[in-house]
file protein20.txt (compact mmCIF, C-alpha atoms)
# COMPACT_ATOMS: atom_id res chain seq x y z
CA MET A 1 47.71 -18.19 81.22
CA PHE A 2 45.49 -15.13 81.70
CA ASP A 3 46.70 -13.35 78.58
CA SER A 4 43.78 -13.94 76.24
CA PHE A 5 40.12 -13.12 76.56
CA TYR A 6 36.88 -13.19 74.56
CA LYS A 7 35.31 -10.15 72.98
CA ILE A 8 32.68 -8.67 75.26
CA ASN A 9 29.48 -6.86 74.32
CA TYR A 10 28.16 -4.11 76.53
CA LEU A 11 24.39 -4.49 76.76
CA GLY A 12 23.88 -1.32 78.79
CA PRO A 13 22.23 -0.76 82.17
CA ASN A 14 19.64 -3.30 83.20
CA THR A 15 16.61 -1.04 83.55
CA SER A 16 14.30 -3.82 84.70
CA ARG A 17 16.49 -4.66 87.68
CA ALA A 18 15.59 -3.19 91.04
CA SER A 19 17.59 -3.91 94.13
CA ASN A 20 16.89 -3.57 97.81
CA LYS A 21 20.60 -3.19 98.49
CA LYS A 22 21.62 0.10 100.03
CA HIS A 23 23.74 2.47 97.91
CA PHE A 24 22.78 0.56 94.75
CA LYS A 25 22.67 2.70 91.61
CA ARG A 26 22.29 0.42 88.63
CA GLU A 27 23.38 -2.86 87.09
CA HIS A 28 25.42 -3.00 83.89
CA LEU A 29 25.30 -6.09 81.73
CA PHE A 30 27.80 -7.58 79.31
CA ASN A 31 27.78 -10.84 77.44
CA PHE A 32 30.28 -12.92 75.50
CA ARG A 33 30.54 -16.30 73.84
CA ASP A 34 33.37 -18.71 74.48
CA SER A 35 35.07 -20.81 71.79
CA ASN A 36 32.24 -23.39 72.05
CA GLN A 37 29.66 -20.62 71.49
CA VAL A 38 28.44 -20.92 75.10
CA LEU A 39 26.91 -17.63 76.18
CA TYR A 40 27.95 -15.95 79.43
CA THR A 41 26.60 -12.92 81.24
CA ILE A 42 28.77 -10.52 83.23
CA SER A 43 27.08 -8.21 85.68
CA LEU A 44 28.64 -5.11 87.21
CA GLU A 45 26.45 -3.70 89.94
CA GLU A 46 27.25 -0.05 90.43
CA PHE A 47 27.19 1.44 93.92
CA GLU A 48 28.10 4.83 95.31
CA TYR A 49 31.70 6.09 95.04
CA LYS A 50 31.82 4.51 91.55
CA THR A 51 32.28 1.11 93.12
CA PHE A 52 31.34 -1.88 90.97
CA GLU A 53 30.64 -5.40 92.11
CA VAL A 54 31.60 -7.96 89.48
CA SER A 55 29.86 -11.28 88.94
CA PHE A 56 29.41 -13.64 86.01
CA CYS A 57 27.59 -16.85 85.18
CA LEU A 58 26.40 -18.98 82.30
CA HIS A 59 23.57 -17.13 80.61
CA LYS A 60 21.34 -20.21 80.72
CA ASP A 61 21.67 -20.28 84.54
CA ILE A 62 20.90 -16.60 85.08
CA ASN A 63 17.65 -17.30 86.95
CA ARG A 64 19.07 -20.07 89.13
CA LYS A 65 19.64 -19.18 92.75
CA ASP A 66 22.79 -21.29 92.94
CA ARG A 67 24.20 -19.94 89.65
CA PHE A 68 27.38 -18.74 91.37
CA ASN A 69 27.91 -21.80 93.53
CA THR A 70 28.22 -24.47 90.86
CA LEU A 71 30.90 -25.35 88.34
CA SER A 72 29.88 -25.51 84.70
CA GLY A 73 32.23 -28.46 84.13
CA LEU A 74 32.74 -27.22 80.57
CA TYR A 75 36.51 -26.89 80.83
CA LYS A 76 37.44 -29.86 82.99
CA GLY A 77 41.10 -30.79 82.55
CA THR A 78 41.91 -27.71 80.44
CA THR A 79 43.02 -24.14 81.17
CA LYS A 80 40.22 -22.65 79.06
CA ALA A 81 38.40 -21.36 82.15
CA THR A 82 41.20 -18.82 82.62
CA LYS A 83 40.17 -17.14 79.38
CA VAL A 84 36.60 -16.81 80.65
CA ILE A 85 37.78 -15.33 83.97
CA ARG A 86 40.14 -12.94 82.17
CA THR A 87 37.20 -11.79 80.02
CA CYS A 88 35.49 -10.49 83.18
CA VAL A 89 38.52 -8.27 83.76
CA GLU A 90 37.80 -6.72 80.36
CA ALA A 91 34.39 -5.66 81.65
CA MET A 92 36.10 -3.99 84.61
CA LEU A 93 38.52 -2.25 82.25
CA PHE A 94 35.60 -1.06 80.12
CA PHE A 95 34.62 1.25 82.99
CA TYR A 96 38.12 1.98 84.23
CA LYS A 97 39.21 3.26 80.82
CA LYS A 98 36.27 5.68 80.86
CA ASP A 99 36.79 6.82 84.43
CA LYS A 100 39.96 6.31 86.47
CA ASN A 101 37.96 6.84 89.68
CA CYS A 102 36.27 3.43 89.48
CA SER A 103 36.73 0.86 92.23
CA PHE A 104 35.85 -2.83 92.03
CA MET A 105 34.88 -5.60 94.42
CA PHE A 106 33.89 -9.23 94.28
CA ILE A 107 33.23 -12.26 96.42
CA GLY A 108 34.72 -15.60 95.43
CA ALA A 109 31.57 -17.71 95.79
CA SER A 110 31.88 -21.02 97.54
CA LEU A 111 31.11 -24.27 95.78
CA THR A 112 28.43 -26.53 97.19
CA ASN A 113 29.73 -27.90 100.51
CA GLU A 114 32.74 -25.56 100.46
CA PRO A 115 33.19 -23.21 103.45
CA GLU A 116 32.88 -19.47 102.75
CA GLU A 117 36.42 -18.81 103.93
CA ASN A 118 39.21 -18.43 101.36
CA THR A 119 37.30 -20.28 98.65
CA LYS A 120 38.87 -21.82 95.57
CA ARG A 121 37.37 -19.07 93.40
CA PHE A 122 38.62 -16.37 95.76
CA ARG A 123 42.17 -17.76 95.61
CA ILE A 124 42.16 -17.68 91.81
CA TYR A 125 40.45 -14.32 91.38
CA SER A 126 42.50 -12.55 94.04
CA LEU A 127 45.72 -13.82 92.48
CA LEU A 128 44.52 -12.45 89.16
CA MET A 129 43.83 -9.03 90.70
CA LYS A 130 47.32 -8.92 92.23
CA ASN A 131 48.84 -9.81 88.88
CA LEU A 132 46.84 -7.49 86.66
CA PHE A 133 46.08 -4.39 88.72
CA PRO A 134 49.16 -2.43 89.80
CA PRO A 135 49.62 -0.89 93.26
CA TYR A 136 50.14 2.58 91.77
CA ALA A 137 46.55 2.58 90.45
CA PHE A 138 44.65 0.60 93.10
CA SER A 139 44.80 -0.21 96.79
CA HIS A 140 44.11 -3.89 97.34
CA TYR A 141 42.09 -5.12 100.32
CA GLU A 142 41.00 -8.64 101.11
CA ARG A 143 38.83 -10.28 103.68
CA LYS A 144 39.69 -13.96 103.49
CA ASP A 145 37.10 -15.15 105.99
CA LEU A 146 34.40 -13.96 103.59
CA SER A 147 36.42 -14.46 100.38
CA PHE A 148 35.89 -10.76 99.66
CA TYR A 149 38.26 -8.62 97.59
CA LEU A 150 38.26 -4.86 97.04
CA LEU A 151 40.24 -2.80 94.54
CA LEU A 152 40.09 0.82 95.61
CA SER A 153 40.89 3.63 93.19
CA LYS A 154 44.04 5.51 94.19
CA ASN A 155 42.67 8.59 92.43
CA GLN A 156 39.64 8.64 94.70
CA GLU A 157 41.74 7.78 97.72
CA GLN A 158 43.83 10.89 97.14
CA SER A 159 40.94 13.23 96.45
CA ILE A 160 38.30 12.11 98.99
CA PRO A 161 39.22 12.34 102.69
CA SER A 162 38.87 9.03 104.57
CA PHE A 163 37.86 7.34 101.32
CA PRO A 164 38.70 3.74 102.40
CA LYS A 165 36.76 4.19 105.63
CA LYS A 166 33.73 5.51 103.75
CA VAL A 167 33.76 2.69 101.21
CA TRP A 168 34.13 0.02 103.88
CA GLN A 169 31.19 1.56 105.76
CA MET A 170 29.18 1.39 102.56
CA ILE A 171 30.20 -2.24 101.97
CA ASN A 172 29.14 -3.12 105.50
CA GLU A 173 25.74 -1.63 104.78
CA ILE A 174 25.40 -3.34 101.40
CA TYR A 175 26.18 -6.82 102.61
CA VAL A 176 25.46 -6.50 106.31
CA LEU A 177 28.83 -8.15 106.94
CA PRO A 178 29.83 -10.69 108.05
CA SER A 179 26.88 -12.74 106.83
CA VAL A 180 27.66 -12.26 103.18
CA LYS A 181 25.87 -14.60 100.86
CA LYS A 182 26.63 -13.08 97.50
CA ILE A 183 29.12 -14.13 95.01
CA LEU A 184 31.24 -13.97 91.85
CA MET B 1 61.99 3.74 78.28
CA GLN B 2 64.85 6.01 79.26
CA THR B 3 64.42 5.00 82.90
CA THR B 4 64.32 1.31 82.08
CA GLN B 5 67.50 1.58 80.05
CA THR B 6 69.35 3.58 82.67
CA ILE B 7 68.38 1.17 85.45
CA SER B 8 69.35 -1.91 83.48
CA ASN B 9 72.56 -0.27 82.23
CA PHE B 10 73.79 0.35 85.72
CA GLY B 11 77.13 -1.33 86.15
CA ASN B 12 77.85 -1.53 82.43
CA ASP B 13 79.41 1.90 82.02
CA VAL B 14 80.98 2.29 85.43
CA SER B 15 81.07 -1.02 87.22
CA PHE B 16 82.01 -1.51 90.85
CA ALA B 17 84.90 -3.68 89.69
CA ASN B 18 86.32 -0.82 87.55
CA LEU B 19 85.78 1.67 90.31
CA SER B 20 87.39 -0.60 92.89
CA ASP B 21 90.42 -1.31 90.65
CA PHE B 22 90.91 2.36 90.02
CA LEU B 23 90.64 3.37 93.68
CA ASN B 24 93.01 0.56 94.68
CA SER B 25 95.61 1.76 92.18
CA VAL B 26 95.40 5.28 93.57
CA LEU B 27 95.78 4.05 97.13
CA ASN B 28 98.54 1.54 96.56
CA GLU B 29 100.81 2.96 93.87
CA LYS B 30 103.70 4.90 95.27
CA LYS B 31 104.22 7.00 92.21
CA LEU B 32 101.30 7.72 89.94
CA SER B 33 102.16 6.65 86.45
CA PHE B 34 101.19 8.33 83.22
CA LYS B 35 99.04 5.27 82.57
CA LEU B 36 97.04 5.90 85.74
CA ARG B 37 96.61 9.59 84.94
CA PHE B 38 95.38 8.64 81.50
CA SER B 39 92.97 6.07 82.92
CA ALA B 40 91.76 8.77 85.37
CA TYR B 41 91.04 11.03 82.39
CA LYS B 42 89.08 8.29 80.62
CA PHE B 43 87.37 7.32 83.86
CA ASN B 44 86.27 10.92 84.54
CA ARG B 45 84.57 11.15 81.18
CA LYS B 46 82.69 7.92 81.79
CA ILE B 47 81.64 8.77 85.31
CA LYS B 48 80.47 12.27 84.37
CA LYS B 49 78.23 10.72 81.74
CA ALA B 50 76.95 8.12 84.22
CA CYS B 51 76.21 10.85 86.82
CA LYS B 52 74.30 12.83 84.22
CA GLU B 53 72.16 9.81 83.30
CA LEU B 54 71.49 8.99 86.91
CA GLU B 55 70.47 12.59 87.64
CA LYS B 56 68.15 12.49 84.65
CA MET B 57 66.56 9.31 85.97
CA HIS B 58 66.21 10.92 89.41
CA LYS B 59 64.34 13.79 87.80
CA VAL B 60 61.95 11.48 85.95
CA ILE B 61 61.09 9.35 88.98
CA PHE B 62 61.32 11.87 91.80
CA ASN B 63 60.20 14.96 89.96
CA GLY B 64 59.82 17.84 92.41
CA GLY B 65 60.06 15.46 95.36
CA GLU B 66 57.01 13.53 94.17
CA PHE B 67 57.37 9.82 93.36
CA LYS B 68 56.26 9.48 89.73
CA ILE B 69 55.74 5.91 88.72
CA THR B 70 54.28 4.74 85.44
CA SER B 71 53.38 1.39 83.92
CA ASN B 72 56.73 1.50 82.08
CA SER B 73 58.92 2.33 85.04
CA TYR B 74 57.32 0.38 87.90
CA GLN B 75 58.47 -3.13 87.02
CA PRO B 76 62.11 -2.36 86.13
CA LEU B 77 62.40 -0.11 89.16
CA ARG B 78 60.92 -2.80 91.44
CA HIS B 79 63.22 -5.49 90.00
CA PHE B 80 66.16 -3.14 90.49
CA PHE B 81 65.11 -2.44 94.07
CA ASP B 82 64.76 -6.18 94.80
CA ASN B 83 68.39 -6.64 93.85
CA SER B 84 69.67 -3.39 95.26
CA ILE B 85 71.07 -4.65 98.58
CA ASP B 86 74.41 -5.53 96.99
CA THR B 87 74.47 -2.25 95.10
CA LEU B 88 73.73 -0.33 98.29
CA ASN B 89 76.38 -2.16 100.31
CA ASN B 90 78.96 -1.81 97.54
CA SER B 91 78.17 1.87 97.12
CA ARG B 92 78.49 2.52 100.85
CA ASN B 93 81.78 0.63 101.10
CA MET B 94 83.25 2.33 98.07
CA SER B 95 82.10 5.74 99.24
CA MET B 96 83.86 5.10 102.55
CA TYR B 97 86.92 4.12 100.54
CA CYS B 98 86.75 7.43 98.65
CA GLN B 99 86.45 9.31 101.93
CA LYS B 100 89.46 7.42 103.26
CA ILE B 101 91.49 8.57 100.26
CA ILE B 102 90.25 12.17 100.53
CA GLU B 103 91.19 12.29 104.22
CA SER B 104 94.60 10.68 103.70
CA GLU B 105 97.83 12.70 103.65
CA LYS B 106 98.54 11.43 100.18
CA PHE B 107 95.44 13.10 98.70
CA SER B 108 96.86 16.64 98.58
CA SER B 109 99.83 15.43 96.58
CA LEU B 110 97.72 13.63 93.97
CA PRO B 111 97.45 15.11 90.48
CA LYS B 112 94.40 17.29 89.92
CA ILE B 113 92.84 14.86 87.48
CA VAL B 114 93.05 11.99 89.96
CA LYS B 115 91.62 14.15 92.77
CA SER B 116 88.74 14.96 90.49
CA SER B 117 88.21 11.22 89.80
CA ILE B 118 87.93 10.49 93.50
CA HIS B 119 85.42 13.30 94.08
CA LEU B 120 83.40 12.25 91.04
CA SER B 121 83.36 8.62 92.20
CA ASP B 122 82.14 9.66 95.61
CA ARG B 123 79.42 11.81 94.09
CA TYR B 124 78.33 8.99 91.77
CA LEU B 125 78.17 6.48 94.64
CA ASN B 126 76.18 8.87 96.80
CA LEU B 127 73.77 9.45 93.96
CA TRP B 128 73.09 5.69 93.92
CA ILE B 129 72.72 5.52 97.70
CA ASP B 130 70.25 8.41 97.55
CA PHE B 131 68.41 6.84 94.62
CA ILE B 132 67.97 3.50 96.39
CA TYR B 133 66.84 5.20 99.60
CA LYS B 134 64.32 7.38 97.77
CA THR B 135 63.06 4.37 95.77
CA LYS B 136 62.43 2.52 99.02
CA GLU B 137 60.46 5.47 100.39
CA GLY B 138 58.62 5.93 97.09
CA LEU B 139 57.55 2.29 96.91
CA LYS B 140 56.41 2.51 100.51
CA SER B 141 54.24 5.50 99.60
CA LEU B 142 52.29 3.31 97.15
CA THR B 143 50.67 1.61 100.13
CA SER B 144 47.55 3.37 101.34
CA GLU B 145 48.04 5.21 104.63
CA VAL B 146 44.71 4.08 106.02
CA LYS B 147 44.77 3.35 109.75
CA PRO B 148 43.91 -0.25 110.71
CA SER B 149 41.30 1.19 113.11
CA GLU B 150 39.44 2.63 110.11
CA LEU B 151 39.00 -0.82 108.58
CA PRO B 152 36.51 -3.48 109.63
CA LYS B 153 37.85 -6.42 111.59
CA GLY B 154 39.35 -9.11 109.39
CA VAL B 155 40.17 -6.78 106.49
CA ARG B 156 43.76 -6.93 105.31
CA LEU B 157 45.28 -4.07 103.36
CA LEU B 158 47.86 -5.49 100.99
CA THR B 159 51.02 -3.41 100.98
CA GLU B 160 53.00 -2.74 97.82
CA ASP B 161 55.53 -5.25 99.08
CA ASP B 162 52.84 -7.91 99.70
CA LEU B 163 51.48 -7.43 96.21
CA TRP B 164 54.90 -7.64 94.60
CA LYS B 165 55.81 -10.81 96.50
CA GLU B 166 52.49 -12.51 95.84
CA ARG B 167 52.34 -11.82 92.12
CA ASN B 168 53.63 -13.92 89.27
CA LYS B 169 56.29 -11.74 87.65
CA ALA B 170 55.55 -13.20 84.23
CA TYR B 171 52.23 -11.34 84.04
CA GLN B 172 51.91 -7.85 82.67
CA PHE B 173 49.67 -5.29 84.32
CA VAL B 174 46.59 -4.42 82.27
CA ILE B 175 46.84 -0.69 83.07
call {"tool": "encode", "arguments": {"input": "protein20.txt", "output": "structure tokens"}}
result
Amino acid sequence: MFDSFYKINYLGPNTSRASNKKHFKREHLFNFRDSNQVLYTISLEEFEYKTFEVSFCLHKDINRKDRFNTLSGLYKGTTKATKVIRTCVEAMLFFYKKDKNCSFMFIGASLTNEPEENTKRFRIYSLLMKNLFPPYAFSHYERKDLSFYLLLSKNQEQSIPSFPKKVWQMINEIYVLPSVKKIL
Amino acid sequence: MQTTQTISNFGNDVSFANLSDFLNSVLNEKKLSFKLRFSAYKFNRKIKKACKELEKMHKVIFNGGEFKITSNSYQPLRHFFDNSIDTLNNSRNMSMYCQKIIESEKFSSLPKIVKSSIHLSDRYLNLWIDFIYKTKEGLKSLTSEVKPSELPKGVRLLTEDDLWKERNKAYQFVI
């Protein structure tokens, strides 16, 4: 079901984007078109420790505040959405193939009126991470109450003392947990 | 590839049924026939080859005491480990059987070739016991050793075992 994906284009770092988030370095942008020529944007926000936060949305919704909390409704009754989700993994692999020290994180955004805990998106995305990213390359962490998932590089874990502790401290400072409001 | 083949070939070359039949014949026959000596000769050749393959696999996966897992070896090794309880129990039982023969009065009077078969069988079985034990430890080492106190409240570290149980085995890893 998650075997195929669309071809992604790396657009480079988003130089116009500034962020007030702590530890933020830069944002990388990708785009792709689905089989109906609908344009999507994938964003990978890079933080310290080569940690990337993944998010994606319809390009036309990029300026909407609720862009992560709605369903496009484009694939109702089909499994085509899986191909779109799998395409986001390609963006993660784009960086991982260049540098095996990369770590990734995401939040499965809640739908309108859905509680933040263990959201529908989180259940799908986390299952995908467990199926595609092996335990010999990444440590997997989840925080279900916030629908938050973290893939931590084993390479970094072995070379940096107390690496998980440091990254979790950083994440706490980025999101000011537990009141996370951001998304994938 | 070599590892995958060796793991999946286990039981084809020297099966527990063959081993059990052979050991039973040694224990129960009053006078060892030419046929049994000949089967011991054939058996020794097979088991030596099987030991060699198993030692080679040991070397690939536990090279220098370090657990070396790759995208090619992880899944077959994990599938093997999932089904290894029977193998482990059989190996332990059979090894005890071998020990029983070695310690019996009859052992000293057995032909040299048969004695060698018993020792080889015991060595082969112990290699499997060791391999399964080390695999268990190796898979355990894939889980991060982070202390729960170092993680924020509510964070769950997924162990290698959690990840294996929760995944759909039909999917292939992307790395």
call {"tool": "atom_distance", "arguments": {"input": "protein20.txt", "atom1": "atom CA of Leu125 of chain B", "atom2": "atom CA of Ser91 of chain B"}}
result
5.2 Å
call {"tool": "closest_atom_pairs", "arguments": {"input": "protein20.txt", "of": "chain A", "to": "chain B", "cutoff": "8 Å", "atoms": "all atoms listed in the file", "output": "Markdown table"}}
result
| residue | atom | partner | partner_atom | distance |
| --- | --- | --- | --- | --- |
| A:Leu127 | CA | B:Arg167 | CA | 6.9 |
| A:Lys130 | CA | B:Arg167 | CA | 5.8 |
| A:Asn131 | CA | B:Arg167 | CA | 5.2 |
| A:Leu132 | CA | B:Phe173 | CA | 4.3 |
| A:Phe133 | CA | B:Phe173 | CA | 5.7 |
| A:Pro134 | CA | B:Phe173 | CA | 6.2 |
| A:Pro135 | CA | B:Glu160 | CA | 6.0 |
| A:Tyr136 | CA | B:Leu142 | CA | 5.8 |
| A:Ser139 | CA | B:Ser144 | CA | 6.4 |
| A:His140 | CA | B:Leu158 | CA | 5.5 |
| A:Tyr141 | CA | B:Leu157 | CA | 4.5 |
| A:Glu142 | CA | B:Arg156 | CA | 5.3 |
| A:Arg143 | CA | B:Val155 | CA | 4.7 |
| A:Lys144 | CA | B:Gly154 | CA | 7.6 |
| A:Asp145 | CA | B:Gly154 | CA | 7.3 |
| A:Ser162 | CA | B:Val146 | CA | 7.8 |
| A:Pro164 | CA | B:Val146 | CA | 7.0 |
| A:Lys165 | CA | B:Glu150 | CA | 5.4 |
| A:Trp168 | CA | B:Leu151 | CA | 6.8 |
call {"tool": "closest_residue", "arguments": {"input": "protein20.txt", "among": "A:Arg33, A:Thr15, A:Phe47, A:Tyr40", "to": "Asp61 of chain A", "atoms": "all atoms listed in the file"}}
result
A:Tyr40
call {"tool": "residues_around", "arguments": {"input": "protein20.txt", "residues": "Asp34 of chain A", "least_positions_apart": "6", "cutoff": "12 Å", "atoms": "all atoms listed in the file", "output": "NGL selection string"}}
result
:A and (4-8 or 40-41 or 58-59 or 74-75 or 80-87)
call {"tool": "write_last_selection", "arguments": {"input": "protein20.txt", "atoms": "C-alpha atoms", "output": "PDB file, keeping the file's coordinate frame"}}
result
ATOM      1  CA  SER A   4      43.780 -13.940  76.240  1.00  0.00           C
ATOM      2  CA  PHE A   5      40.120 -13.120  76.560  1.00  0.00           C
ATOM      3  CA  TYR A   6      36.880 -13.190  74.560  1.00  0.00           C
ATOM      4  CA  LYS A   7      35.310 -10.150  72.980  1.00  0.00           C
ATOM      5  CA  ILE A   8      32.680  -8.670  75.260  1.00  0.00           C
ATOM      6  CA  TYR A  40      27.950 -15.950  79.430  1.00  0.00           C
ATOM      7  CA  THR A  41      26.600 -12.920  81.240  1.00  0.00           C
ATOM      8  CA  LEU A  58      26.400 -18.980  82.300  1.00  0.00           C
ATOM      9  CA  HIS A  59      23.570 -17.130  80.610  1.00  0.00           C
ATOM     10  CA  LEU A  74      32.740 -27.220  80.570  1.00  0.00           C
ATOM     11  CA  TYR A  75      36.510 -26.890  80.830  1.00  0.00           C
ATOM     12  CA  LYS A  80      40.220 -22.650  79.060  1.00  0.00           C
ATOM     13  CA  ALA A  81      38.400 -21.360  82.150  1.00  0.00           C
ATOM     14  CA  THR A  82      41.200 -18.820  82.620  1.00  0.00           C
ATOM     15  CA  LYS A  83      40.170 -17.140  79.380  1.00  0.00           C
ATOM     16  CA  VAL A  84      36.600 -16.810  80.650  1.00  0.00           C
ATOM     17  CA  ILE A  85      37.780 -15.330  83.970  1.00  0.00           C
ATOM     18  CA  ARG A  86      40.140 -12.940  82.170  1.00  0.00           C
ATOM     19  CA  THR A  87      37.200 -11.790  80.020  1.00  0.00           C
TER      20      THR A  87
END
call {"tool": "residues_around", "arguments": {"input": "protein20.txt", "residues": "segment 130-134 of chain B", "least_positions_apart": "6", "cutoff": "10 Å", "atoms": "all atoms listed in the file", "output": "number ranges by chain"}}
result
B: 54-55, 57-58, 61-62, 65, 67, 77, 80-81, 84-85, 87-88, 124, 140
call {"tool": "axis_aligned_box", "arguments": {"input": "protein20.txt", "around": "segment 41-57 of chain A", "padding_each_side": "5 Å", "output": "AutoDock Vina command-line options"}}
result
--center_x 29.4 --center_y -5.4 --center_z 88.3 --size_x 15.8 --size_y 32.9 --size_z 24.1
call {"tool": "atom_distance", "arguments": {"input": "protein20.txt", "atom1": "atom CA of Phe104 of chain A", "atom2": "atom CA of Thr78 of chain A"}}
result
28.1 Å
call {"tool": "atom_distance", "arguments": {"input": "protein20.txt", "atom1": "atom CA of Phe30 of chain A", "atom2": "atom CA of Phe56 of chain A"}}
result
9.2 Å
call {"tool": "decode", "arguments": {"input": "protein20.txt", "residues": "segment 80-95 of chain A", "atoms": "N, CA and C atoms", "output": "PDB file, in the first residue's frame"}}
result
ATOM      1  N   LYS A  80      -5.372   6.262  -2.614  1.00  0.00           N
ATOM      2  CA  LYS A  80      -4.378   7.128  -3.258  1.00  0.00           C
ATOM      3  C   LYS A  80      -3.630   8.025  -2.275  1.00  0.00           C
ATOM      4  N   ALA A  81      -4.267   8.314  -1.137  1.00  0.00           N
ATOM      5  CA  ALA A  81      -3.618   9.192  -0.143  1.00  0.00           C
ATOM      6  C   ALA A  81      -2.318   8.557   0.362  1.00  0.00           C
ATOM      7  N   THR A  82      -2.267   7.225   0.361  1.00  0.00           N
ATOM      8  CA  THR A  82      -1.064   6.539   0.863  1.00  0.00           C
ATOM      9  C   THR A  82       0.164   6.902   0.019  1.00  0.00           C
ATOM     10  N   LYS A  83      -0.087   7.104  -1.271  1.00  0.00           N
ATOM     11  CA  LYS A  83       1.029   7.454  -2.163  1.00  0.00           C
ATOM     12  C   LYS A  83       1.553   8.854  -1.837  1.00  0.00           C
ATOM     13  N   VAL A  84       0.650   9.737  -1.466  1.00  0.00           N
ATOM     14  CA  VAL A  84       1.033  11.106  -1.095  1.00  0.00           C
ATOM     15  C   VAL A  84       1.854  11.069   0.203  1.00  0.00           C
ATOM     16  N   ILE A  85       1.365  10.282   1.167  1.00  0.00           N
ATOM     17  CA  ILE A  85       2.065  10.196   2.462  1.00  0.00           C
ATOM     18  C   ILE A  85       3.450   9.568   2.260  1.00  0.00           C
ATOM     19  N   ARG A  86       3.496   8.534   1.442  1.00  0.00           N
ATOM     20  CA  ARG A  86       4.777   7.849   1.181  1.00  0.00           C
ATOM     21  C   ARG A  86       5.776   8.789   0.498  1.00  0.00           C
ATOM     22  N   THR A  87       5.242   9.737  -0.289  1.00  0.00           N
ATOM     23  CA  THR A  87       6.116  10.700  -0.971  1.00  0.00           C
ATOM     24  C   THR A  87       6.867  11.573   0.045  1.00  0.00           C
ATOM     25  N   CYS A  88       6.217  11.851   1.167  1.00  0.00           N
ATOM     26  CA  CYS A  88       6.875  12.654   2.217  1.00  0.00           C
ATOM     27  C   CYS A  88       8.081  11.900   2.786  1.00  0.00           C
ATOM     28  N   VAL A  89       7.976  10.579   2.823  1.00  0.00           N
ATOM     29  CA  VAL A  89       9.107   9.774   3.310  1.00  0.00           C
ATOM     30  C   VAL A  89      10.299   9.948   2.367  1.00  0.00           C
ATOM     31  N   GLU A  90      10.017  10.142   1.081  1.00  0.00           N
ATOM     32  CA  GLU A  90      11.100  10.362   0.118  1.00  0.00           C
ATOM     33  C   GLU A  90      11.884  11.636   0.451  1.00  0.00           C
ATOM     34  N   ALA A  91      11.152  12.641   0.935  1.00  0.00           N
ATOM     35  CA  ALA A  91      11.832  13.892   1.321  1.00  0.00           C
ATOM     36  C   ALA A  91      12.748  13.637   2.521  1.00  0.00           C
ATOM     37  N   MET A  92      12.281  12.778   3.438  1.00  0.00           N
ATOM     38  CA  MET A  92      13.126  12.433   4.591  1.00  0.00           C
ATOM     39  C   MET A  92      14.367  11.682   4.109  1.00  0.00           C
ATOM     40  N   LEU A  93      14.153  10.768   3.176  1.00  0.00           N
ATOM     41  CA  LEU A  93      15.277   9.966   2.668  1.00  0.00           C
ATOM     42  C   LEU A  93      16.275  10.815   1.884  1.00  0.00           C
ATOM     43  N   PHE A  94      15.775  11.893   1.287  1.00  0.00           N
ATOM     44  CA  PHE A  94      16.646  12.801   0.540  1.00  0.00           C
ATOM     45  C   PHE A  94      17.793  13.274   1.446  1.00  0.00           C
ATOM     46  N   PHE A  95      17.446  13.613   2.696  1.00  0.00           N
ATOM     47  CA  PHE A  95      18.477  14.063   3.636  1.00  0.00           C
ATOM     48  C   PHE A  95      19.234  12.888   4.257  1.00  0.00           C
TER      49      PHE A  95
END
